[in-house]
Each structure stands twice: as structure tokens, then as C-alpha cells.
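Read the structure below first, then the notes.
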2 protein chains.
Amino acid sequence: MQPRAFLTSLFQAAIDAADPAIALKPYLPTPPKGRTVVIGAGKGAAQLAQAFETLWDGPLSGVVVTRYGYGAPCTSIRVLEAAHPVPDTAGLAASEALIAAVSNLGPDDLVVALICGGGSSLLPSPPKGLELGDEQALNQALLASGAPISVMNAIRKHVSGIKGGRLAAAAHPARVVSLVVSDVPGDDPAQVASGPTIPDPVTRRQALKLAESHRIDLPAKVLRHLQTPAATAPVPDDAQFSAHEVHVIASASISLDAAARLAETQGVPAVILSDAIEGEARDVAQVHAAIARQVARRDRPFQKPVVILSGGETTVTLRGHGRGGRNTEFLLSLAQGLEGVAGVDALAADTDGIDGSEDNAGAFVDASSSARLRDAGRDPMADLDNNDAYSAFASIGDLFSPGPTGTNVNDFRAILVR
Amino acid sequence: MQPRAFLTSLFQAAIDAADPAIALKPYLPTPPKGRTVVIGAGKGAAQLAQAFETLWDGPLSGVVVTRYGYGAPCTSIRVLEAAHPVPDTAGLAASEALIAAVSNLGPDDLVVALICGGGSSLLPSPPKGLELGDEQALNQALLASGAPISVMNAIRKHVSGIKGGRLAAAAHPARVVSLVVSDVPGDDPAQVASGPTIPDPVTRRQALKLAESHRIDLPAKVLRHLQTPAATAPVPDDAQFSAHEVHVIASASISLDAAARLAETQGVPAVILSDAIEGEARDVAQVHAAIARQVARRDRPFQKPVVILSGGETTVTLRGHGRGGRNTEFLLSLAQGLEGVAGVDALAADTDGIDGSEDNAGAFVDASSSARLRDAGRDPMADLDNNDAYSAFASIGDLFSPGPTGTNVNDFRAILVR
């Protein structure tokens, strides 16, 4: 077996499972008697719209919003761009355009909502009495609070004219099919892009309580809005959504499952540690290394041979001025933890194909990486402290550079222990 | 099942397996025709000597060295104290006392070496031409290099008159039985306390090469010493050691195995993630939380019910001015990752019984911990940023305080997922 070819094939399987065209195909709705309108939001919305156009057999119109620079040419669907992560007025216009696109539809019409990560910022829509600045201030307060994403979204949804199912409510009485690429732990579609087409059972009073218990320092105008009885800004009515469909078509979990299946067809048992690992990249790597060492030396907690898969999104606290992203940073720390551990090979890569600001998606690591780095004149510890993992792996020719993949389900990590 | 009682019983099993008396008993050597001399070094050396005296049936003499304040009264064995982690002149005297104790023995005599973590600093013994200050400077340079412990020890052993088997060489022709409590990943007894009774195959030339490839900035006098042909300071001869015995009598791994066995007798399958997890406590916790969530939600990578065990030693980067040690810090981060994940209970604790500077060994965490902390008026995120995990868990009565245990095999973590 060629370990790097094997690991690359697993990455490819993960990417394929998240490819817009491949992911959309099994979930194409039956064409309606009436019109088909596509709406969408998120960093991958343009690619989803493109793929949908290619797959769809019939007339089509619609509008999606993506991040500045993330557009892709579509024929029938308008692609708007707006600011991420801090919403701007282009986002306001996009929210209005999406609501307009689904307004005045009939029961024979179909709305296909293409929802993916980043959509929340791209769809600002302050409710009556509030302005864009209020929504920006709220976002600031939420991020500063450190509250879980589910709590932040519960509050956001009550300070929005589009989130928490309000976009689908505007489409009533048309049928709405939501096709969701998840970037959230647990893959709850209501949490992706704050669920513009998915009603949320959290009441306004509950949202206010959550803000209190998490000590979120809400802007005064937002607080007053949340204290206003909900009657003046109705929460979507469940009855409107009874005929709606929601499918998670791609996610870290689905991609890791695909990689695991491929590994097993090649005779290598696979285990998925988690699809949602967060934390500082170098420390997350130390835990991965400790587990891999234990497998290599003790055949526990998994028996060799095995490929250990994990997903999620690590973070990097900048300490230096080098080049590299969170996956190469993870790998440089992993290389130190695996030095001299025979029979171990690893690949970590961003599934969008670009790790940080450079041209690589990630890199390969094995038992000899640290020694080879030193032989090449690098100091692995110093490179890690200088956040210069890209330069380190470039010096020994171990970068992994498949190019942009056109999809994104966060990080992909695979450690093969033979 | 009562989760906290169950987790406490696992901790107790781990502690019992590392208890000096329980750990020594199966490895007591057969009494010799001649004299029995006990030597020892490390933070737990006095407790090991005490336990050995209690178990040993026959005449006995000897000397051990431990850290200032870590002594314990012995009858036949002298207990010396010296400085740790920076060696002092009391350590020099201790090294001389240990070598004197084993000198002039005959082939019918028995030397029992009780070796545990911390012994390296407690046994300074600069070779001819070097002084204590040179060994201190070397230690400084090694720690600053960030080189792996195995590399540091390889060099230390060549700049010492006692390490790397030289103490056992001094005991020749007596039989030497080394009983080792491991505090190192992988439990290589030659790495514990720089192996004073265990010969090391690394040559002086190889040690010098390691220093070069790891770019260790050796003090000039130490460098000259390493460049001197080994003939003037011979490495111990393997033939001297052929009749010696070495046993790892306690370690994180042995303790985790004991906890795992107890869990399984109680009908709960156990998995050991690793006995040597290092890294920033809060990030190590995020990985543990991600794995536990995956088990709770997806029955992978392990099937429920299961108790996930791990050992090792995390670190805490001080950011604030609160109270708490690395285990409570780990737990406060874990609590946030496990909020609302039903059926999960966790215990993390220092096996010496004291986590940091307070009176607790650790604390308990479950799905409701974060909410209960907020109800008690705490802000879990802020407490974590202020390194105030002790105060947080104290406020909800979830500290775990069994008192000092008299042993130490680093951290013990157990996460039960039902």
C-alpha cells in the first residue's frame, strides 16, 4: 500500500461526497405544476446554484447571495454578493431580493432553498424599528459573549425578518424544499445560516431568557425589541411548513462517512473520532498524536491497521509571522508527537482546497517528518511558534495541493496506523 | 447506576494500582545471601522506601533522595532531600551518598533501586572537569530547546557520573533490581529519572549528533566534554548488567488498565484513549468533548454505554488570576462542550490528590454543569479565561476532594456516556 495515495483517495472521497452536483442529485424535487424558484445563501451558494441549474430539467428563476468574490456564473439564477462576516447594505438588498423572489407564489409553485454556511451574515434583515447597525451591534455582542452557536442563533432569529423560517413563511403557500450543506456540529439544519427556511420552536420569551442566562450584553434597542410581545412581529406558524421538506445534502459527517467506506473497501478499518472537533490546532494535534501512538504501540483504543478520521474546525492563535493555515499548523504539531512512531502516516487538509492564505490544502506527515525538517535546516518547534508550518512542509516537499475544490465541509484529517 | 460513585470507584482503582505498597508487592526480589541495599530517587522515593521497609523481611540499609518537603519517616533507609527542578548542592551530596551506598558490594549482595519521576533533577553528578553550574546550564539549554524528553535524556546521560546506568555500574558486581514508577509516555524505564540504573545504548558521538540536529545551544564546557573521546569517561559496559532486573511497577497505563478492568466488571465497557495526552487543558477538553458528543449522538467511535479513559499531563497557560489546576481547567472547558448532551458524566483528577494549589483533586461534570454554573451566578467562559475553575466548581459543590493519595501517575480522566 502507498500510504499517501491511500490518504489522498480518502480526501477525494470526502470532497466528492460534498461536491454540489453529486450531493444535490439524490435530493432533486419533483418538478412542480407551477414555477420553480431557487433561493440561496452562503459561501457556497453560487456553486450550489450552478450545479442545480445543470441538473434541473425545466424552467427556473431565482436569486442567491454569496460572499464577495465567491460568485460563479449562472444562467437563470441571479448571483448577488455581500459582506461576510460583518453584514453590509448589499446584504440588506440581498435579503429583500430573496423575499421578493418568493413573494406572490401559489400553491403549485416550488421554492428550492440552497442553504450553506455563512448565510447568516449574508442575510441581514432588521425587523421594523431596527436598523442594520443594530443587527451588527447584536452580532458583536453575541460573538463577545462566547455563548454556544445554538444560543446565538436563537436570539438572531428573533431579531430578523428573514431568519428562523421567515423566508419560507414569505413563500407561503408555495412548497419549499430546503437543501442544506451543514457546517455546524450535529448537522441541525435549523442552525445553518440561522435557518431562513426552517421554523424554530424557541419563543421570543425563551430567546430573551437565554440572553439573560448567558449574560449577553444586548444592545438597548435589540433588548427592547425582544421585550416587545411577539404579536407585533409574529413567529412563523407551524402549519405553513407542514408540506416542506428539509434535507442535509452534505456535511462533515457525510464526507467522513464516505471516506470511511472507501477505506473499508480497501481493507483498512476506519474510525471517525468526531466530525466536529474544535480547539487550538497544535493542542488538538497533541491529542490526535497521543491516540495514534497508543494505537501504534498498544493496539488501543483501536486495533491496527486502522485509519482514524476526524473533522471540524480548529483555530490558530497567531504568535508569529509565518505562513500557513490551521491544517498545516495541526500537522506540524502532529509531526512532533509522531516522531519515530513507525507505521504512521497522516493527511490533514481544508476541504475547500485552500488552507489559510497559501495555495495548499494541507500536508502529509509521517514518523520521519520532524527529522527531515531538521535535516532541511528547519527548526520544527520554532516554525510552530512562528506559525510558519507552510514554509516548513514546503521545504521537504510534503505539501498537499489539490487546488480549490468548490465545496467546503471544514477540515479533513486522516491518520493511518499500520 | 450512580455515575459519580462509579467514576469515583474507577479513580480509586487507578490510585490503588499506583499505591507504593500494592505496586511493590508483586515485584519483591528474592532475599540475597549477602546484604540488601535500597537506593532511590524521585518525588515519590520516600513513600516507596517506606512501603519497601514494611514489605521486606530481612536486614536492610540504604539511602533515597526526594524533593524538599516530600520526605517520609523510614527506619532503616536514610531519606535525603534536595532541590527540584533546578538541582542544588544537596543533590550533589545525595548522588555521592547513593554511589557510596552501592560501592564495595559483592556478587551475593542485592541492590534495590526505587526510581520515580523527578529523580533526574535530584541526582546532579557532573563528570570530572565539570561543575554543578555546568549541569544546571545544560538543563537550561535542554529545556529551552524544546527537544523531546528522549533526546534531552540521551544528552544528560553523557554529562553525568550517575545517570544512564552509571549508578548500577558502581554497584557491580552486586545484583541490581530496579523497580520503576513511570511518569513518561511509553513507560520506557530508561527514561524515568534519566535511568540511573539502566544502561543506555546511545553513544557519546550519537548524543553529540542529537544535540546538533536539534540545534541545542550547549554550554561550551559541556560541548567540549561531549567532544572528548568516551574512553576518558566510559559508558557502562553491557556485561555488567546482564543479571539485572527492571520492572515498571506503576504507571499511568497500569492505573488506567486497572480502572478499565473495574468498569468492565461493573458491566461498563471501557476504552483507553491514551495514557499520555499532553497539550493545553482547555483544548484537550474540546477534543474529549467532541468525541463524547459523537458517542452520545452517533454511537461512534465507541458504542454506548462506555467509559472513555485517558491519562497524561495537560498544561495550563495562565491568563487570569483565579484558582484551580489543570484538571479543573480541563473540566470547565469540557462542561461547555458537553452542555445539554444527556447521559454524560465526567471526572478528571490529579492522581496525587491535589490539582494545583487547592485542596481538591479535580471535579465532576455533566450535561447540566454549565447551566448550573450560570444559575449560581458564575460565567463559565469568563471563569475559564480567568483560570478560576476551582471557584466555579466550588460554587456548585462539584469539587472532588479525596485528599492526598501518596502516589502520582499524572492525570486521570473518565467520561461515562450512557
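Naming scheme: A, B, ... for chains in displayed order of the C-alpha cells; residues 1 onward per chain; ligands 1 onward as shown.
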
Could you give me the residues within segment 31-266 of chain A that DSSP places in helix (DSSP H, G or I), as a PyMOL selection string?
-> chain A and resi 45-55+89-102+119-122+132-145+149-157+166-171+189-194+204-213+220-227+230-232+238-241+252-265

Please return as a ChimeraX atom specification: the residues of segment 214-394 of chain B that backbone DSSP assigns to strand (DSSP E).
-> /B:245-250,270-277,306-312,344-350,362-366

At a cut-off of 10 Å, list the chain B residues touching chain A, using only C-alpha atoms, as a PyMOL selection string.
-> chain B and resi 145-148+185-186+212-215+270-295+297-298+300-302+308-312+314+336-337+339+370-371+374-375+377-382

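Residues with any atom within 7 Å of segment 253-257 of chain A, counting only C-alpha atoms and excluding same-chain neighbours fewer than 4 positions away, are Ala14, Ile15, Ala17, Ala18, Arg261, Asp275 and Leu309 of chain A.
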
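Shell of Arg166 of chain B at 8 Å, with only C-alpha atoms counted and residues fewer than 2 places along the chain excluded, is B:Gly161, B:Ile162, B:Lys163, B:Gly164, B:Ala168, B:Ala169, B:Ala170, B:Pro196, B:Thr197, B:Ile198, B:Pro199, B:Val235, B:Pro236.
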
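Residues within 8 Å of Ala49 of chain B, counting only C-alpha atoms and excluding same-chain residues fewer than 2 positions away, are Val38, Gly40, Ala45, Ala46, Gln47, Ala51, Phe52, Glu53, Val64, Cys74, Ile77 and Leu114 of chain B.
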
Could you give me, as a PyMOL selection string, the residues within 10 Å of Leu10 of chain B, counting only C-alpha atoms and dropping anything in the same chain fewer than 5 positions from it?
-> chain B and resi 4-5+15-16+255-256+258-263+307+309+347+412-414

Based on the selection just made, write N, CA, C and O atoms of those residues as a compact mmCIF listing (two decimals), in the first residue's frame.
# COMPACT_ATOMS: atom_id res chain seq x y z
N ARG B 4 -21.53 9.28 39.61
CA ARG B 4 -20.38 9.83 40.33
C ARG B 4 -19.72 8.79 41.22
O ARG B 4 -18.50 8.77 41.37
N ALA B 5 -20.54 7.90 41.81
CA ALA B 5 -19.96 6.83 42.62
C ALA B 5 -19.14 5.89 41.73
O ALA B 5 -18.05 5.45 42.09
N ILE B 15 -5.75 4.73 41.55
CA ILE B 15 -4.87 5.11 42.66
C ILE B 15 -4.30 3.85 43.33
O ILE B 15 -3.11 3.78 43.63
N ASP B 16 -5.18 2.88 43.59
CA ASP B 16 -4.74 1.65 44.25
C ASP B 16 -3.63 0.98 43.45
O ASP B 16 -2.65 0.48 44.00
N SER B 255 -2.42 2.06 35.77
CA SER B 255 -3.57 2.57 36.52
C SER B 255 -4.83 2.64 35.67
O SER B 255 -5.92 2.31 36.13
N LEU B 256 -4.66 3.07 34.42
CA LEU B 256 -5.83 3.13 33.53
C LEU B 256 -6.35 1.73 33.25
O LEU B 256 -7.57 1.50 33.18
N ALA B 258 -6.24 -0.75 35.29
CA ALA B 258 -6.97 -1.18 36.49
C ALA B 258 -8.36 -0.57 36.52
O ALA B 258 -9.35 -1.25 36.84
N ALA B 259 -8.45 0.72 36.15
CA ALA B 259 -9.76 1.37 36.12
C ALA B 259 -10.65 0.72 35.06
O ALA B 259 -11.84 0.50 35.29
N ALA B 260 -10.06 0.41 33.91
CA ALA B 260 -10.82 -0.21 32.82
C ALA B 260 -11.36 -1.58 33.25
O ALA B 260 -12.52 -1.92 32.98
N ARG B 261 -10.51 -2.36 33.94
CA ARG B 261 -10.96 -3.68 34.39
C ARG B 261 -12.13 -3.56 35.37
O ARG B 261 -13.12 -4.28 35.28
N LEU B 262 -12.03 -2.59 36.30
CA LEU B 262 -13.11 -2.42 37.27
C LEU B 262 -14.41 -2.02 36.56
O LEU B 262 -15.49 -2.54 36.87
N ALA B 263 -14.30 -1.11 35.59
CA ALA B 263 -15.50 -0.68 34.86
C ALA B 263 -16.16 -1.89 34.20
O ALA B 263 -17.38 -2.05 34.27
N VAL B 307 -17.13 3.89 29.09
CA VAL B 307 -16.40 4.92 29.83
C VAL B 307 -15.08 5.14 29.09
O VAL B 307 -14.34 4.19 28.81
N LEU B 309 -11.48 6.55 29.03
CA LEU B 309 -10.43 6.88 29.99
C LEU B 309 -9.24 7.51 29.27
O LEU B 309 -8.94 7.17 28.14
N LEU B 347 -15.31 12.73 35.26
CA LEU B 347 -14.45 13.05 36.40
C LEU B 347 -13.04 13.22 35.84
O LEU B 347 -12.59 12.42 35.02
N PHE B 412 -5.90 11.69 35.70
CA PHE B 412 -6.86 10.61 35.45
C PHE B 412 -8.14 11.26 34.96
O PHE B 412 -8.69 12.13 35.61
N ARG B 413 -8.60 10.81 33.78
CA ARG B 413 -9.86 11.36 33.25
C ARG B 413 -10.78 10.23 32.85
O ARG B 413 -10.32 9.25 32.25
N ALA B 414 -12.04 10.37 33.20
CA ALA B 414 -13.01 9.34 32.84
C ALA B 414 -14.31 10.02 32.43
O ALA B 414 -14.84 10.85 33.16

Between A:Ile415, A:Ala93, A:Ala21, A:Leu130, smallest distance to Leu338 of chain A by only C-alpha atoms belongs to A:Ile415

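Here atom CA of Thr8 of chain A is placed at a distance of 25.0 Å from atom CA of Gly117 of chain A.
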
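Residues within 10 Å of segment 67-71 of chain A, counting only C-alpha atoms and excluding same-chain residues fewer than 3 positions away, are Ala41, Gly42, Lys43, Gly44, Ala45, Ala46, Gln47, Gln50, Val64, Cys74, Val79, Leu80, Glu81, Ala82, Ala83, His84, Pro85, Ala90, Gly91, Gly118, Gly119, Ser121, Leu122 and Gly406 of chain A.
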